[in-house]
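Engineer: File structure.cif below, mmCIF, C-alpha atoms:
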data_structure
#
loop_
_atom_site.label_atom_id
_atom_site.label_comp_id
_atom_site.auth_asym_id
_atom_site.auth_seq_id
_atom_site.Cartn_x
_atom_site.Cartn_y
_atom_site.Cartn_z
CA MET A 701 -6.08 0.64 18.48
CA ILE A 702 -4.80 0.03 22.04
CA TRP A 703 -3.67 3.62 22.44
CA GLU A 704 -7.03 4.93 21.24
CA HIS A 705 -8.57 3.37 24.36
CA VAL A 706 -5.90 4.98 26.55
CA LYS A 707 -6.59 8.33 24.88
CA GLU A 708 -10.33 8.06 25.52
CA ARG A 709 -9.83 7.20 29.20
CA LEU A 710 -7.44 10.10 29.73
CA GLU A 711 -9.77 12.52 27.96
CA ALA A 712 -12.57 11.48 30.31
CA VAL A 713 -10.36 12.05 33.38
CA LEU A 714 -8.68 15.28 32.26
CA GLN A 715 -11.72 16.76 30.48
CA SER A 716 -9.40 17.91 27.70
CA PRO A 717 -9.02 16.80 24.04
CA ILE A 718 -6.01 14.59 23.28
CA GLN A 719 -4.42 13.69 19.94
CA ILE A 720 -2.17 10.82 18.89
CA SER A 721 0.42 12.02 16.37
CA LEU A 722 3.70 11.14 14.69
CA ILE A 723 6.65 13.54 14.72
CA PRO A 724 10.17 13.10 13.31
CA ASP A 725 12.50 11.55 15.88
CA SER A 726 14.97 14.38 15.20
CA GLU A 727 12.37 16.91 16.40
CA TRP A 728 11.63 14.87 19.51
CA HIS A 729 15.30 14.52 20.46
CA GLN A 730 15.85 18.23 19.85
CA LEU A 731 12.97 19.09 22.21
CA VAL A 732 14.38 16.74 24.82
CA GLU A 733 17.84 18.26 24.48
CA ASP A 734 16.53 21.85 24.61
CA GLN A 735 14.65 21.15 27.83
CA GLY A 736 17.43 19.11 29.40
CA GLU A 737 15.05 16.31 30.37
CA ARG A 738 16.61 12.93 29.79
CA GLN A 739 15.67 9.58 31.24
CA GLU A 740 17.75 6.67 29.97
CA GLY A 741 18.29 8.70 26.80
CA LEU A 742 14.61 9.47 26.30
CA SER A 743 12.26 11.82 28.14
CA ARG A 744 8.71 10.76 28.95
CA SER A 745 7.24 14.15 28.05
CA VAL A 746 8.31 17.52 26.65
CA ILE A 747 6.71 20.93 26.09
CA ARG A 748 6.24 22.29 22.56
CA GLY A 749 4.61 25.70 22.49
CA GLU A 750 1.18 25.40 24.12
CA GLU A 751 1.29 21.59 24.03
CA VAL A 752 2.75 18.80 26.14
CA LEU A 753 3.95 15.80 24.12
CA PHE A 754 4.07 12.39 25.82
CA PHE A 755 6.28 9.66 24.36
CA ILE A 756 4.48 6.44 23.38
CA SER A 757 6.84 4.58 21.06
CA GLN A 758 9.41 4.96 18.30
CA ASP A 759 9.09 3.41 14.85
CA HIS A 760 12.15 3.82 12.64
CA LYS A 761 12.57 7.62 12.21
CA GLU A 762 9.30 8.71 13.80
CA VAL A 763 8.08 9.07 17.38
CA ARG A 764 4.45 8.44 18.33
CA VAL A 765 3.17 10.88 20.94
CA LEU A 766 0.08 11.95 22.86
CA LYS A 767 -0.58 15.70 22.47
CA ILE A 768 -2.40 17.64 25.21
CA ASN A 769 -2.98 21.38 25.65
CA GLY A 770 -0.39 22.34 28.29
CA SER A 771 -2.30 25.36 29.62
CA LYS A 772 -4.99 23.03 30.98
CA LEU A 773 -2.59 20.53 32.53
CA SER A 774 -1.34 20.66 36.11
CA VAL A 775 1.94 19.07 37.27
CA SER A 776 0.06 16.22 38.95
CA GLU A 777 -2.04 15.60 35.83
CA ARG A 778 1.08 15.51 33.69
CA LYS A 779 2.53 12.91 36.05
CA LEU A 780 -0.71 10.92 35.85
CA VAL A 781 -0.49 10.77 32.05
CA GLU A 782 3.15 9.64 32.21
CA LEU A 783 2.33 6.86 34.67
CA THR A 784 -0.68 5.73 32.62
CA ILE A 785 1.45 5.47 29.47
CA GLU A 786 4.26 3.69 31.32
CA SER A 787 1.77 1.21 32.78
CA LYS A 788 0.31 0.43 29.36
CA GLN A 789 3.78 -0.02 27.84
CA THR A 790 4.65 -2.52 30.59
CA VAL A 791 1.44 -4.48 30.00
CA GLU A 792 2.10 -4.57 26.24
CA LYS A 793 5.56 -6.00 26.75
CA LYS A 794 4.18 -8.78 28.94
CA GLN A 795 1.38 -9.56 26.48
CA PHE A 796 3.68 -9.94 23.49
CA GLY A 797 5.94 -12.45 25.21
CA SER A 798 9.46 -13.48 24.28
CA TYR A 799 8.58 -15.54 21.15
CA LEU A 800 6.64 -12.76 19.45
CA SER A 801 9.26 -10.20 20.38
CA GLU A 802 11.90 -12.39 18.75
CA ASP A 803 9.73 -12.79 15.66
CA GLU A 804 9.23 -9.05 15.35
CA ARG A 805 12.92 -8.43 16.05
CA LYS A 806 13.86 -10.55 13.03
CA SER A 807 11.35 -8.70 10.87
CA ASN A 808 12.71 -5.36 12.00
CA GLN A 809 16.24 -6.46 11.10
CA LEU A 810 15.04 -7.27 7.58
CA ARG A 811 13.26 -3.91 7.40
CA ASP A 812 16.37 -2.03 8.52
CA TRP A 813 18.47 -3.82 5.90
CA LEU A 814 15.95 -3.01 3.15
CA LEU A 815 15.75 0.65 4.16
CA GLN A 816 19.55 0.88 4.20
CA GLN A 817 19.69 -0.34 0.60
CA MET A 818 17.07 2.24 -0.39
CA GLU A 819 19.03 5.04 1.26
CA ARG A 820 22.15 3.94 -0.63
CA GLY A 821 20.22 4.00 -3.91
CA THR A 822 21.38 0.54 -4.95
CA GLY A 823 19.47 -1.25 -7.68
CA HIS A 824 20.22 -4.80 -6.58
CA ALA A 825 21.47 -6.36 -3.36
CA GLU A 826 21.45 -9.88 -1.94
CA LEU A 827 20.52 -10.55 1.66
CA PRO A 828 23.38 -11.41 4.01
CA ASP A 829 23.36 -15.14 4.82
CA ALA A 830 22.73 -14.46 8.51
CA LEU A 831 19.48 -12.59 7.79
CA ALA A 832 18.32 -15.00 5.10
CA SER A 833 18.88 -18.12 7.18
CA GLN A 834 17.30 -16.88 10.42
CA SER A 835 14.07 -16.00 8.58
CA SER A 836 13.97 -19.04 6.24
CA LEU A 837 14.22 -16.93 3.09
CA TYR A 838 15.94 -19.52 0.89
CA SER A 839 12.62 -21.16 -0.02
CA THR A 840 10.30 -19.74 -2.67
CA LYS A 841 7.71 -17.24 -1.42
CA ILE A 842 4.76 -15.32 -2.87
CA PRO A 843 5.49 -11.58 -2.41
CA LEU A 844 2.70 -9.13 -1.64
CA LEU A 845 3.01 -5.47 -0.69
CA LEU A 846 0.26 -4.03 1.49
CA TYR A 847 -0.33 -0.31 1.90
CA GLY A 848 -2.97 0.69 4.44
CA ASP A 849 -4.83 3.95 3.84
CA TYR A 850 -5.66 4.28 7.53
CA PRO A 851 -5.39 7.57 9.46
CA GLN A 852 -1.88 8.77 10.29
CA ASN A 853 -2.52 8.61 14.02
CA GLN A 854 -3.84 5.04 13.94
CA ARG A 855 -1.41 2.44 15.20
CA VAL A 856 -1.46 -1.02 13.58
CA SER A 857 -0.09 -3.85 15.70
CA TYR A 858 2.45 -6.11 14.01
CA THR A 859 1.27 -9.04 16.10
CA GLU A 860 -2.42 -8.53 15.36
CA LEU A 861 -1.87 -8.07 11.62
CA LYS A 862 0.37 -11.14 11.37
CA LYS A 863 -2.19 -13.22 13.24
CA LEU A 864 -4.95 -12.00 10.91
CA LEU A 865 -2.90 -12.79 7.80
CA GLU A 866 -1.94 -16.27 8.99
CA SER A 867 -5.59 -16.97 9.76
CA PHE A 868 -6.48 -16.02 6.17
CA PHE A 869 -3.65 -17.97 4.52
CA GLU A 870 -3.95 -20.88 6.98
CA ALA A 871 -0.16 -20.97 6.94
CA GLU A 872 2.84 -19.26 8.50
CA ILE A 873 3.91 -16.11 6.72
CA ILE A 874 6.74 -13.61 7.04
CA LEU A 875 5.58 -10.05 7.72
CA ILE A 876 8.05 -7.18 7.36
CA PRO A 877 7.03 -3.63 8.32
CA LEU A 878 8.59 -1.14 5.92
CA LEU A 879 7.69 2.54 5.93
CA GLU A 880 4.66 3.89 7.80
CA LYS A 881 1.52 2.06 6.59
CA GLU A 882 3.57 -0.25 4.35
CA TRP A 883 3.96 -4.00 4.94
CA LEU A 884 5.73 -6.71 2.94
CA ILE A 885 4.09 -10.14 3.10
CA LEU A 886 5.94 -13.30 2.09
CA ALA A 887 3.55 -16.23 1.83
CA PRO A 888 4.51 -19.87 1.15
CA GLU A 889 4.49 -20.99 -2.48
CA VAL A 890 2.38 -24.01 -1.57
CA LEU A 891 -0.67 -21.69 -1.57
CA ILE A 892 -0.67 -21.70 -5.37
CA THR A 893 0.66 -25.22 -5.99
CA SER A 894 -1.26 -27.44 -3.57
CA GLY A 895 -4.34 -29.13 -4.94
CA SER A 896 -3.72 -28.03 -8.55
CA GLU A 897 -2.37 -30.00 -11.47
CA GLU A 898 -0.06 -28.40 -13.98
CA ARG A 899 -1.63 -27.93 -17.35
CA ASP A 900 0.62 -28.19 -20.41
CA GLY A 901 1.06 -24.87 -22.15
CA ASP A 902 -1.13 -23.05 -19.64
CA GLU A 903 0.96 -23.09 -16.47
CA GLU A 904 1.76 -19.35 -16.42
CA GLU A 905 -1.87 -18.36 -16.98
CA SER A 906 -2.93 -20.72 -14.20
CA VAL A 907 -0.45 -19.11 -11.80
CA GLU A 908 -1.69 -15.64 -12.75
CA GLN A 909 -5.30 -16.61 -12.18
CA THR A 910 -4.50 -18.21 -8.83
CA LEU A 911 -2.53 -15.18 -7.64
CA ASP A 912 -5.33 -12.88 -8.80
CA ALA A 913 -7.89 -14.90 -6.82
CA LEU A 914 -5.59 -14.99 -3.79
CA GLY A 915 -5.14 -11.23 -3.89
CA SER A 916 -8.86 -10.58 -4.34
CA GLY A 917 -9.72 -12.73 -1.33
CA LEU A 918 -7.04 -11.11 0.80
CA TYR A 919 -8.13 -7.59 -0.14
CA GLU A 920 -11.77 -8.34 0.68
CA MET A 921 -10.80 -9.74 4.08
CA LEU A 922 -8.52 -6.82 4.92
CA ALA A 923 -11.08 -4.21 3.81
CA ASN A 924 -13.76 -5.79 6.01
CA GLU A 925 -11.80 -6.97 9.05
CA TRP A 926 -8.74 -4.74 9.23
CA VAL A 927 -8.82 -0.94 9.11
CA GLY A 928 -10.68 -0.30 5.87
CA GLU A 929 -9.26 0.82 2.53
CA CYS A 930 -5.89 -0.55 1.46
CA HIS A 931 -3.84 -1.24 -1.66
CA LEU A 932 -2.31 -4.60 -2.51
CA ALA A 933 0.44 -5.38 -5.06
CA ILE A 934 1.27 -8.94 -6.09
CA ASP A 935 4.10 -10.50 -8.11
CA PHE A 936 5.16 -13.98 -9.13
CA PRO A 937 6.89 -16.22 -6.54
CA VAL A 938 10.55 -15.41 -5.82
CA LYS A 939 13.47 -16.63 -3.74
CA PRO A 940 13.84 -13.78 -1.20
CA ALA A 941 17.42 -14.62 -0.24
CA LYS A 942 18.52 -13.54 -3.72
CA SER A 943 15.94 -10.96 -4.74
CA LEU A 944 14.15 -9.54 -1.69
CA PHE A 945 15.28 -5.95 -2.28
CA ALA A 946 14.55 -6.02 -6.03
CA THR A 947 11.13 -7.53 -5.29
CA VAL A 948 10.22 -4.70 -2.89
CA LEU A 949 11.17 -2.12 -5.53
CA LYS A 950 9.04 -3.88 -8.16
CA LEU A 951 6.03 -4.12 -5.84
CA ARG A 952 6.31 -0.43 -4.93
CA GLU A 953 6.43 0.42 -8.62
CA THR A 954 3.37 -1.77 -9.19
CA ILE A 955 1.32 0.11 -6.58
CA MET A 956 2.50 3.45 -7.98
CA LEU A 957 1.51 2.49 -11.54
CA GLY A 958 -1.81 1.04 -10.44
CA ARG A 959 -2.76 4.10 -8.43
CA SER A 960 -1.65 6.48 -11.21
CA PHE A 961 -3.32 4.82 -14.19
CA HIS A 962 -6.27 3.06 -12.55
CA VAL A 963 -7.76 5.28 -9.86
CA GLY A 964 -10.37 3.36 -7.93
CA SER A 965 -8.55 0.03 -8.21
CA PHE A 966 -7.05 -1.46 -5.06
CA ILE A 967 -5.51 -4.73 -6.28
CA HIS A 968 -2.49 -4.19 -8.52
CA LEU A 969 -1.07 -7.14 -10.46
CA ARG A 970 2.41 -6.61 -11.86
CA TRP A 971 1.80 -8.61 -15.06
CA GLU A 972 -1.25 -6.49 -15.92
CA LEU A 973 0.66 -3.20 -15.81
CA ARG A 974 3.35 -3.78 -18.44
CA LEU A 975 1.91 -1.23 -20.85
CA GLU A 976 1.46 1.31 -18.06
CA LYS A 977 5.11 0.87 -17.09
CA LEU A 978 6.25 1.72 -20.61
CA LEU A 979 4.00 4.77 -20.78
CA HIS A 980 5.21 5.99 -17.39
CA LEU A 981 8.76 6.19 -18.75
CA ILE A 982 7.76 8.60 -21.54
CA GLU A 983 8.58 12.28 -21.01
CA GLU A 984 5.63 14.47 -20.06
CA GLU A 985 6.00 16.60 -23.19
CA GLU A 986 5.87 13.48 -25.37
CA LYS A 987 2.70 12.31 -23.60
CA THR A 988 1.01 15.64 -24.26
CA ASP A 989 2.10 15.67 -27.92
CA PHE A 990 0.75 12.14 -28.43
CA LEU A 991 -2.64 13.07 -26.97
CA GLU A 992 -2.89 16.15 -29.16
CA GLN A 993 -2.03 14.14 -32.27
CA VAL A 994 -4.52 11.36 -31.52
CA LEU A 995 -7.46 13.32 -30.10
CA ARG A 996 -6.88 16.49 -32.13
CA GLY A 997 -8.73 18.73 -29.70
CA THR A 998 -11.67 16.37 -29.20
CA ASP A 999 -10.76 15.30 -25.65
CA HIS A 1000 -14.01 16.92 -24.48
CA VAL A 1001 -15.82 13.80 -25.74
CA LEU A 1002 -14.12 11.70 -23.05
CA ASP A 1003 -16.88 12.05 -20.47
CA SER A 1004 -17.35 9.38 -17.79
CA GLU A 1005 -19.87 7.37 -19.84
CA THR A 1006 -17.64 7.29 -22.91
CA VAL A 1007 -14.54 6.38 -20.93
CA THR A 1008 -16.37 3.58 -19.11
CA THR A 1009 -17.75 2.25 -22.39
CA LEU A 1010 -14.35 2.25 -24.10
CA GLU A 1011 -12.57 0.66 -21.16
CA HIS A 1012 -15.05 -2.22 -21.00
CA PHE A 1013 -14.85 -2.59 -24.79
CA PHE A 1014 -11.05 -2.96 -24.64
CA THR A 1015 -11.12 -5.24 -21.58
CA LEU A 1016 -13.48 -7.60 -23.43
CA ASP A 1017 -11.26 -7.75 -26.53
CA CYS A 1018 -13.45 -5.33 -28.53
CA ASN A 1019 -16.36 -7.77 -28.48
CA VAL A 1020 -19.55 -5.77 -29.04
CA SER A 1021 -22.00 -8.35 -27.68
CA GLU A 1022 -20.02 -9.09 -24.50
CA THR A 1023 -19.46 -5.39 -23.82
CA ALA A 1024 -23.17 -4.64 -24.16
CA LYS A 1025 -23.96 -7.43 -21.66
CA LYS A 1026 -21.34 -6.15 -19.24
CA LEU A 1027 -22.74 -2.61 -19.42
CA TYR A 1028 -26.36 -3.83 -19.24
CA ILE A 1029 -27.28 -1.97 -22.41
CA HIS A 1030 -28.74 -3.01 -25.77
CA ARG A 1031 -26.25 -3.92 -28.49
CA ASN A 1032 -27.56 -1.09 -30.66
CA THR A 1033 -27.00 1.39 -27.82
CA LEU A 1034 -23.36 0.37 -27.67
CA LEU A 1035 -23.00 0.66 -31.46
CA TYR A 1036 -24.55 4.13 -31.28
CA ARG A 1037 -21.97 5.20 -28.66
CA LEU A 1038 -19.08 3.84 -30.74
CA ASP A 1039 -20.39 5.53 -33.91
CA LYS A 1040 -20.81 8.81 -32.04
CA PHE A 1041 -17.21 8.58 -30.81
CA LYS A 1042 -16.05 7.84 -34.38
CA ASN A 1043 -17.94 10.81 -35.81
CA GLU A 1044 -16.50 13.25 -33.24
CA THR A 1045 -12.89 11.99 -33.20
CA GLY A 1046 -12.43 10.21 -36.52
CA LEU A 1047 -11.35 7.11 -34.60
CA ASP A 1048 -13.16 3.81 -35.11
CA VAL A 1049 -12.22 1.57 -32.17
CA ARG A 1050 -13.61 -1.46 -33.99
CA THR A 1051 -10.47 -1.39 -36.15
CA PHE A 1052 -7.21 -2.63 -34.68
CA ASN A 1053 -5.00 0.43 -35.33
CA HIS A 1054 -7.53 2.92 -33.98
CA ALA A 1055 -8.27 0.71 -30.98
CA VAL A 1056 -4.57 0.68 -30.07
CA LEU A 1057 -4.30 4.46 -30.40
CA VAL A 1058 -7.39 5.12 -28.30
CA ARG A 1059 -6.32 2.58 -25.65
CA LEU A 1060 -2.99 4.40 -25.25
CA ALA A 1061 -4.66 7.80 -25.32
CA LEU A 1062 -7.08 6.79 -22.54
CA LEU A 1063 -4.25 5.69 -20.25
CA LEU A 1064 -2.25 8.87 -20.86
CA TYR A 1065 -5.33 11.09 -20.60
CA LYS A 1066 -5.97 9.87 -17.05
CA VAL A 1067 -2.53 10.83 -15.75
CA THR A 1068 -2.05 14.04 -17.73
CA LYS A 1069 -5.54 15.35 -16.89
CA ARG A 1070 -4.89 15.02 -13.12
CA LYS A 1071 -1.61 16.89 -13.45
#
Would you mind writing the structure in this file as structure tokens?
Structural biologist:
Amino acid sequence: MIWEHVKERLEAVLQSPIQISLIPDSEWHQLVEDQGERQEGLSRSVIRGEEVLFFISQDHKEVRVLKINGSKLSVSERKLVELTIESKQTVEKKQFGSYLSEDERKSNQLRDWLLQQMERGTGHAELPDALASQSSLYSTKIPLLLYGDYPQNQRVSYTELKKLLESFFEAEIILIPLLEKEWLILAPEVLITSGSEERDGDEEESVEQTLDALGSGLYEMLANEWVGECHLAIDFPVKPAKSLFATVLKLRETIMLGRSFHVGSFIHLRWELRLEKLLHLIEEEEKTDFLEQVLRGTDHVLDSETVTTLEHFFTLDCNVSETAKKLYIHRNTLLYRLDKFKNETGLDVRTFNHAVLVRLALLLYKVTKRK
């Protein structure tokens, strides 16, 4: 957001369009090396074809740059852009202060360790004691994975996002930037235990409901006050010192499954995607064969109205009256739709066996149809 203001000011002065982009750091270093322009190991600007690229910052394996048409840029104007960027970088460093820089440094160390494990392809790894202790990761935390669907050239400030999250949770959290647009949030367990009494035989359900409500509130806040659309995955509380890496893998899988099987949903709860996880593991040929056997060439009946009706029917435990209320239709209208589906497919979803088959077919139909 800060660099958007810089871009606008420079565009007004130079009377030329400017873009903020990300390029691989390998490409940037190659351009620097080819042009022999090095300044403390990094050039301020380089030429690429008809463009001049100005270095803003580096984030893991990518470099953020300003792009300007070089044919419209004089030597003095190029120097002006470099000085403007350098001035803004200096101001940013002063604004963040030593405490926040230390906080972000710790988070970046955790990110680098996580990314190293991913590159090695390991399935399980425990945090080194030094990393776990400096970030207080021995206590139980609520893990959430946030993926922001904001534009590629939009920069999200670690400090601003952390401040926003702590304002929502009313507690200190650990924020770890992972890949571009991807953030791991570790919130204190007290958020789901304070003010609530354990209920015998219903403790797990209570935790699920509380986490669901927490995620819904967080998503609504982020969608309205952050940068718009995002995806949020949530899992049960964990001890990060022992299972941080495995937790990240599970949360990534949760978002992947949620986005694959439930397009249009933005909150993905791990415990609600168990069936989807099993179906995802099935070979594509087996998925297609299953659909052909169940639908027997009648998949044309799965229009948007029918799919919506069946999904609500299954969500409400095949209760006709409750489904009709949810869809704002008369009970007889719902029965007519179910009878029509039965007549065209031979499947009566009011019976258990057929309901199971159609439920599975609907999930597989969504993913196979898009492919």
Engineer: Using CA of Glu751 (chain A) and CA of Ile768 (chain A) as the two end points, give the distance in Å to one decimal.
Structural biologist: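 We find that CA of Glu751 (chain A) and CA of Ile768 (chain A) lie 5.5 Å from each other.
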Engineer: So that I can see what lies close to Gly823 (chain A), please list as a count of residues only the residues with an atom at most 10 Å from it, counting only C-alpha atoms and leaving out residues fewer than 3 positions away in the same chain.
Structural biologist: 6
Engineer: Which residue gives the smallest distance to Gln993 (chain A) among A:Leu878, A:Met921, A:Val1058, A:Cys930, with only C-alpha atoms counted?
Structural biologist: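 For Gln993 (chain A), the nearest of the given residues is A:Val1058.
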Engineer: So which residues touch Asp935 (chain A) within 7 Å, counting all atoms listed in the file, skipping near sequence neighbours fewer than 6 positions away, as a PyMOL selection string?
Structural biologist: chain A and resi 843-844+969-970
Engineer: Report as a ChimeraX atom specification the full result of the PyMOL selection byres ((chain A and resi 994-1001) around 12) when it is applied to this structure.
Structural biologist: /A:987-993,1002-1007,1010,1037-1038,1040-1047,1053-1062,1064-1066,1068-1069
Engineer: Given the point (6.5, 5.9, -16.8) in the coordinates of this file, which residues lie within 12 Å, counting all atoms listed in the file, and how would they look as a list in words?
Structural biologist: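 Output: Glu953, Thr954, Met956, Leu957, Gly958, Ser960, Phe961, Leu973, Arg974, Leu975, Glu976, Lys977, Leu978, Leu979, His980, Leu981, Ile982, Glu983, Glu984, Glu986, Lys987, Leu1063, Leu1064, Val1067 and Thr1068 of chain A.
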Engineer: Please determine, counting only C-alpha atoms, which residue among A:Phe1013, A:Tyr1028, A:Trp813, A:Trp728 has the shortest atom-to-atom distance to Pro828 (chain A).
Structural biologist: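 Using only C-alpha atoms, the shortest distance to Pro828 (chain A) belongs to A:Trp813.
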Engineer: Figure out the distance between CA of Leu766 (chain A) and CA of Leu722 (chain A), please, to one decimal in Å.
Structural biologist: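 We find that CA of Leu722 (chain A) and CA of Leu766 (chain A) lie 9.0 Å from each other.
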Engineer: Quick one, how far is CA of Ser726 (chain A) from CA of Tyr858 (chain A)?
Structural biologist: 24.0 Å
Engineer: Translate the PyMOL selection byres ((chain A and resi 836) around 12), as applied to the file shown, into an explicit residue set as a PyMOL selection string.
Structural biologist: chain A and resi 806-807+810+827+829-835+837-841+872-874+886-888+939-941
